[in-house]
2 protein chains.
Amino acid sequence: MLALSDAAWEGVAVDYYHGETRTPEWRARVSVMGEVPVLEHVGRKLTQSGAILTFLSQHLGRFGAEDREEELRWLLFDNHKFTSYLATWRWLVSFTPNPDPAVIAFFRARLENAFRVVEAQLAGRDFLLGAKPCIADISMQGYLHFPQEEWPLDMTGFPNITAWIARFRAMPGWQPPYTLLPGARFPKPAAN
Amino acid sequence: MLALSDAAWEGVAVDYYHGETRTPEWRARVSVMGEVPVLEHVGRKLTQSGAILTFLSQHLGRFGAEDREEELRWLLFDNHKFTSYLATWRWLVSFTPNPDPAVIAFFRARLENAFRVVEAQLAGRDFLLGAKPCIADISMQGYLHFPQEEWPLDMTGFPNITAWIARFRAMPGWQPPYTLLPGARFPKPAAN
């Protein structure tokens with residue numbers, strides 16, 4: 001969102017993988033939710049990516065949908081079923097030592113259902129709500145730009161999603177996540 | 001929300017358990033997301049409970065928080081981690097034939113993390129954002145009013161959440177879900 005909006009921003013490294021965001025100190029100082037991302041702006045700290053995107057769309061005047069209700073509906077769907085399941089499944093298949101196959105299969109099935117919903121929504125539309133991208137697109141696209149070997153879903157059945165990803169890659173300012181946040185790549189754990 | 005707001009409404013039975021909301025016809029006529037709840041109002045149909053609550057808070061002038069950003073932040077947290085995990089775990093432990101124990105354990109651990117966040121947030125507050133309930137409270141409370149044998153979480157460590165549930169039960173208009181929607185109770189499946 002910040003890169004696509006040509007905003008002035010910089011990343012701040014957080015030791016997420018060793019639990020920095022889950023410490024009592026972090027929960028007291030930043031957010032009881034114990035999470036990243038965090039947007040810091042003029043002394044305020046805001047968490048929850050959907051709330052950050054909503055704030056930025058108003059603050060920057062970029063990527064706000066005309067239909068705010070529909071935008072919220074897709075932000076909520078994303079947080080419940082799309083990025084939520086994609087992020088958990090990626091974490092399990094790529095960064096968890098000895099993940100349980102039943103849990104992987106459970107999330108994969110739910111993820112595929114969510115992908116089918118988005119694939120259908122994108123039929124005849126360049127972006128989720130029509131001709132222009134909005135923050136709901138940005139919310140959903142985030143994890144789709146991690147290297148696909150980290151989320152090895154067969155995309156054969158999802159040509160609309162594949163084209164939608166390509167549309168984002170072609171947008172001015174677009175950069176892949178490990179270019180935007182060089183320290184964010186995390187190591188493949190050894191199975192034990 | 002509708003009962004607490006003394007709004008005029010009626011429930012419409014949907015055969016969710018046999019997939020009515022996941023048919024192509026439903027997706028075309030109501031929502032591509034294939035879900036309930038659906039709010040129908042003057043010919044429009046709106047899905048996603050968080051979007052419905054946001055609409056109703058504006059339409060009815062009830063339960064809207066002064067801090068809309070914080071309200072959205074908790075609505076998103078609820079959709080990602082609180083009701084989302086609670087609803088899935090309840091479904092697995094109470095209404096799924098032969099659920100996988102590893103999947104149950106995975107959701108239970110995530111659910112307990114989410115409960116700890118809400119327990120901490122409620123310390124010194126009657127409701128999530130302070131002295132008054134808002135739609136984020138209503139969003140999170142929904143599943144907490146199903147009979148507790150359906151979501152058998154040990155609540156010993158969550159006195160703030162327990163008191164918060166009791167505050168809702170004491171609100172004018174409050175009714176338990178199976179009283180509001182008598183047809184919504186679903187049968188315990190036989191293990192096979």
# chains A, B, ... in the order shown; residues from 1 in each chain; ligands from 1
call {"tool": "residues_around", "arguments": {"residues": "region 14-28 of chain A", "least_positions_apart": "2", "cutoff": "10 Å", "atoms": "only C-alpha atoms", "output": "PDB file with N, CA and C atoms, in the first residue's frame"}}
result
ATOM      1  N   GLY A  11      10.792   0.641   6.853  1.00  0.00           N
ATOM      2  CA  GLY A  11      10.530  -0.553   7.651  1.00  0.00           C
ATOM      3  C   GLY A  11      11.361  -0.537   8.920  1.00  0.00           C
ATOM      4  N   VAL A  12      10.815  -1.099   9.969  1.00  0.00           N
ATOM      5  CA  VAL A  12      11.531  -1.255  11.233  1.00  0.00           C
ATOM      6  C   VAL A  12      11.576  -2.749  11.539  1.00  0.00           C
ATOM      7  N   VAL A  30       2.686  -1.617  22.400  1.00  0.00           N
ATOM      8  CA  VAL A  30       2.223  -1.500  21.007  1.00  0.00           C
ATOM      9  C   VAL A  30       0.772  -1.952  20.866  1.00  0.00           C
ATOM     10  N   SER A  31       0.497  -3.214  21.160  1.00  0.00           N
ATOM     11  CA  SER A  31      -0.873  -3.722  21.007  1.00  0.00           C
ATOM     12  C   SER A  31      -1.046  -4.992  21.809  1.00  0.00           C
ATOM     13  N   VAL A  32      -2.146  -5.056  22.537  1.00  0.00           N
ATOM     14  CA  VAL A  32      -2.466  -6.255  23.313  1.00  0.00           C
ATOM     15  C   VAL A  32      -2.609  -7.467  22.401  1.00  0.00           C
ATOM     16  N   MET A  33      -2.872  -7.222  21.119  1.00  0.00           N
ATOM     17  CA  MET A  33      -3.043  -8.340  20.182  1.00  0.00           C
ATOM     18  C   MET A  33      -1.727  -9.071  19.898  1.00  0.00           C
ATOM     19  N   GLY A  34      -0.596  -8.430  20.191  1.00  0.00           N
ATOM     20  CA  GLY A  34       0.694  -9.119  20.040  1.00  0.00           C
ATOM     21  C   GLY A  34       1.086  -9.407  18.603  1.00  0.00           C
ATOM     22  N   GLU A  35       0.914  -8.425  17.748  1.00  0.00           N
ATOM     23  CA  GLU A  35       1.040  -8.701  16.316  1.00  0.00           C
ATOM     24  C   GLU A  35       1.881  -7.674  15.576  1.00  0.00           C
ATOM     25  N   VAL A  36       2.336  -8.065  14.391  1.00  0.00           N
ATOM     26  CA  VAL A  36       2.700  -7.163  13.327  1.00  0.00           C
ATOM     27  C   VAL A  36       1.740  -7.448  12.182  1.00  0.00           C
ATOM     28  N   PRO A  37       1.567  -6.558  11.219  1.00  0.00           N
ATOM     29  CA  PRO A  37       2.240  -5.268  11.069  1.00  0.00           C
ATOM     30  C   PRO A  37       1.717  -4.207  12.037  1.00  0.00           C
ATOM     31  N   GLY A 183      14.705  -7.923   5.599  1.00  0.00           N
ATOM     32  CA  GLY A 183      14.944  -8.780   6.750  1.00  0.00           C
ATOM     33  C   GLY A 183      13.819  -9.756   7.039  1.00  0.00           C
ATOM     34  N   ALA A 184      12.758  -9.721   6.218  1.00  0.00           N
ATOM     35  CA  ALA A 184      11.564 -10.495   6.562  1.00  0.00           C
ATOM     36  C   ALA A 184      11.619 -11.954   6.133  1.00  0.00           C
ATOM     37  N   PHE A 186      12.323 -15.659   6.284  1.00  0.00           N
ATOM     38  CA  PHE A 186      12.725 -16.475   7.416  1.00  0.00           C
ATOM     39  C   PHE A 186      13.174 -17.845   6.992  1.00  0.00           C
ATOM     40  N   PRO A 187      14.015 -18.422   7.837  1.00  0.00           N
ATOM     41  CA  PRO A 187      14.723 -19.620   7.425  1.00  0.00           C
ATOM     42  C   PRO A 187      13.831 -20.837   7.395  1.00  0.00           C
TER      43      PRO A 187
ATOM     44  N   VAL B 117      -5.946 -12.695  24.736  1.00  0.00           N
ATOM     45  CA  VAL B 117      -5.898 -11.299  24.281  1.00  0.00           C
ATOM     46  C   VAL B 117      -7.144 -10.545  24.755  1.00  0.00           C
ATOM     47  N   ALA B 120      -7.183  -9.947  28.509  1.00  0.00           N
ATOM     48  CA  ALA B 120      -6.305  -8.826  28.896  1.00  0.00           C
ATOM     49  C   ALA B 120      -6.941  -7.483  28.531  1.00  0.00           C
TER      50      ALA B 120
END
call {"tool": "interface_residues", "arguments": {"of": "chain A", "to": "chain B", "cutoff": "8 Å", "atoms": "only C-alpha atoms", "output": "list in words"}}
result
Val32, Met33, Thr47, Gln48, Gly50, Ala51, Phe55, Glu69, Leu72, Arg73, Leu76, Phe77, Asn79, His80, Lys81, Ser84, Asp100, Ala102, Val103, Phe106, Val117, Ala120 and Gln121 of chain A
call {"tool": "select_by_dssp", "arguments": {"residues": "region 16-192 of chain B", "states": "strand (DSSP E)", "output": "MDAnalysis selection string"}}
result
chainID B and resid 38:41 44:47
call {"tool": "atom_distance", "arguments": {"atom1": "CA of Ile135 (chain B)", "atom2": "CA of Glu10 (chain B)"}}
result
19.9 Å
call {"tool": "residues_around", "arguments": {"residues": "region 123-127 of chain B", "least_positions_apart": "4", "cutoff": "12 Å", "atoms": "only C-alpha atoms", "output": "ChimeraX atom specification"}}
result
/A:32 /B:63,65,71,74,116-119,131-138,140-141,158-168
call {"tool": "atom_distance", "arguments": {"atom1": "CA of Glu149 (chain B)", "atom2": "CA of Ala109 (chain B)"}}
result
18.3 Å
call {"tool": "select_by_dssp", "arguments": {"residues": "region 24-185 of chain B", "states": "alpha helix (DSSP H)", "output": "ChimeraX atom specification"}}
result
/B:24-29,49-60,68-81,83-95,101-121,135-141,159-169,177-180
call {"tool": "write_last_selection", "arguments": {"atoms": "C-alpha atoms", "output": "short mmCIF file (atom, residue, chain, number, x, y, z; two decimals), in the first residue's frame"}}
result
data_model
loop_
_atom_site.label_atom_id
_atom_site.label_comp_id
_atom_site.auth_asym_id
_atom_site.auth_seq_id
_atom_site.Cartn_x
_atom_site.Cartn_y
_atom_site.Cartn_z
CA PRO B 24 -24.42 -21.85 -7.48
CA GLU B 25 -27.96 -20.46 -7.24
CA TRP B 26 -27.31 -18.98 -3.77
CA ARG B 27 -23.94 -17.60 -4.81
CA ALA B 28 -25.55 -15.89 -7.81
CA ARG B 29 -28.64 -14.60 -5.99
CA SER B 49 -21.52 -10.26 9.99
CA GLY B 50 -19.01 -7.43 10.57
CA ALA B 51 -20.34 -5.53 7.56
CA ILE B 52 -23.92 -6.17 8.69
CA LEU B 53 -23.15 -4.87 12.19
CA THR B 54 -21.43 -1.79 10.77
CA PHE B 55 -24.44 -1.08 8.55
CA LEU B 56 -26.89 -1.61 11.41
CA SER B 57 -24.94 0.61 13.81
CA GLN B 58 -25.25 3.45 11.31
CA HIS B 59 -28.81 2.66 10.23
CA LEU B 60 -30.20 2.19 13.76
CA ARG B 68 -14.36 3.86 14.76
CA GLU B 69 -10.76 2.86 14.06
CA GLU B 70 -10.51 0.86 17.27
CA GLU B 71 -13.92 -0.68 16.59
CA LEU B 72 -12.74 -1.83 13.15
CA ARG B 73 -9.50 -3.16 14.64
CA TRP B 74 -11.45 -5.46 16.97
CA LEU B 75 -13.96 -6.46 14.29
CA LEU B 76 -11.01 -7.61 12.17
CA PHE B 77 -9.36 -9.41 15.09
CA ASP B 78 -12.66 -11.16 15.75
CA ASN B 79 -13.00 -12.28 12.15
CA HIS B 80 -9.42 -13.49 12.01
CA LYS B 81 -8.84 -15.01 15.41
CA THR B 83 -15.06 -15.99 16.57
CA SER B 84 -13.32 -17.52 13.57
CA TYR B 85 -11.38 -20.02 15.68
CA LEU B 86 -14.17 -20.44 18.24
CA ALA B 87 -16.75 -21.24 15.55
CA THR B 88 -14.47 -23.71 13.79
CA TRP B 89 -13.47 -25.42 17.04
CA ARG B 90 -17.13 -25.66 18.17
CA TRP B 91 -18.04 -27.14 14.79
CA LEU B 92 -15.24 -29.70 15.09
CA VAL B 93 -15.85 -30.77 18.69
CA SER B 94 -19.65 -30.72 18.63
CA PHE B 95 -20.97 -31.22 15.13
CA PRO B 101 -7.66 -34.66 17.07
CA ALA B 102 -4.66 -32.78 15.63
CA VAL B 103 -6.94 -30.25 13.92
CA ILE B 104 -8.97 -29.82 17.11
CA ALA B 105 -5.79 -29.24 19.13
CA PHE B 106 -4.49 -26.72 16.59
CA PHE B 107 -7.65 -24.62 16.72
CA ARG B 108 -7.93 -24.94 20.48
CA ALA B 109 -4.43 -23.54 20.98
CA ARG B 110 -5.14 -20.60 18.66
CA LEU B 111 -8.51 -20.02 20.31
CA GLU B 112 -6.93 -19.94 23.76
CA ASN B 113 -4.41 -17.35 22.53
CA ALA B 114 -7.27 -15.21 21.24
CA PHE B 115 -9.15 -15.60 24.52
CA ARG B 116 -6.04 -14.45 26.42
CA VAL B 117 -5.90 -11.30 24.28
CA VAL B 118 -9.55 -10.48 24.96
CA GLU B 119 -9.18 -11.34 28.67
CA ALA B 120 -6.30 -8.83 28.90
CA GLN B 121 -8.19 -6.18 26.93
CA ILE B 135 -20.56 -3.67 17.57
CA ALA B 136 -17.13 -5.23 18.14
CA ASP B 137 -18.42 -6.59 21.46
CA ILE B 138 -21.56 -7.85 19.72
CA SER B 139 -19.48 -9.49 16.98
CA MET B 140 -17.33 -11.31 19.52
CA GLN B 141 -20.18 -12.25 21.83
CA PRO B 159 -12.95 -14.26 34.62
CA ASN B 160 -13.10 -11.00 32.64
CA ILE B 161 -14.65 -12.75 29.63
CA THR B 162 -17.09 -14.58 31.93
CA ALA B 163 -18.20 -11.27 33.48
CA TRP B 164 -18.44 -9.68 30.03
CA ILE B 165 -20.78 -12.47 28.87
CA ALA B 166 -22.92 -11.95 31.99
CA ARG B 167 -23.12 -8.21 31.23
CA PHE B 168 -24.57 -9.05 27.81
CA ARG B 169 -27.09 -11.50 29.25
CA PRO B 177 -29.44 -17.84 19.97
CA TYR B 178 -31.73 -20.86 19.95
CA THR B 179 -34.55 -18.67 21.26
CA LEU B 180 -33.88 -16.06 18.59
#
call {"tool": "atom_distance", "arguments": {"atom1": "CA of Ala13 (chain A)", "atom2": "CA of Leu181 (chain A)"}}
result
8.4 Å
call {"tool": "residues_around", "arguments": {"residues": "Asp6 (chain B)", "least_positions_apart": "2", "cutoff": "10 Å", "atoms": "only C-alpha atoms", "output": "ChimeraX atom specification"}}
result
/B:1-4,8-9,60,172-174
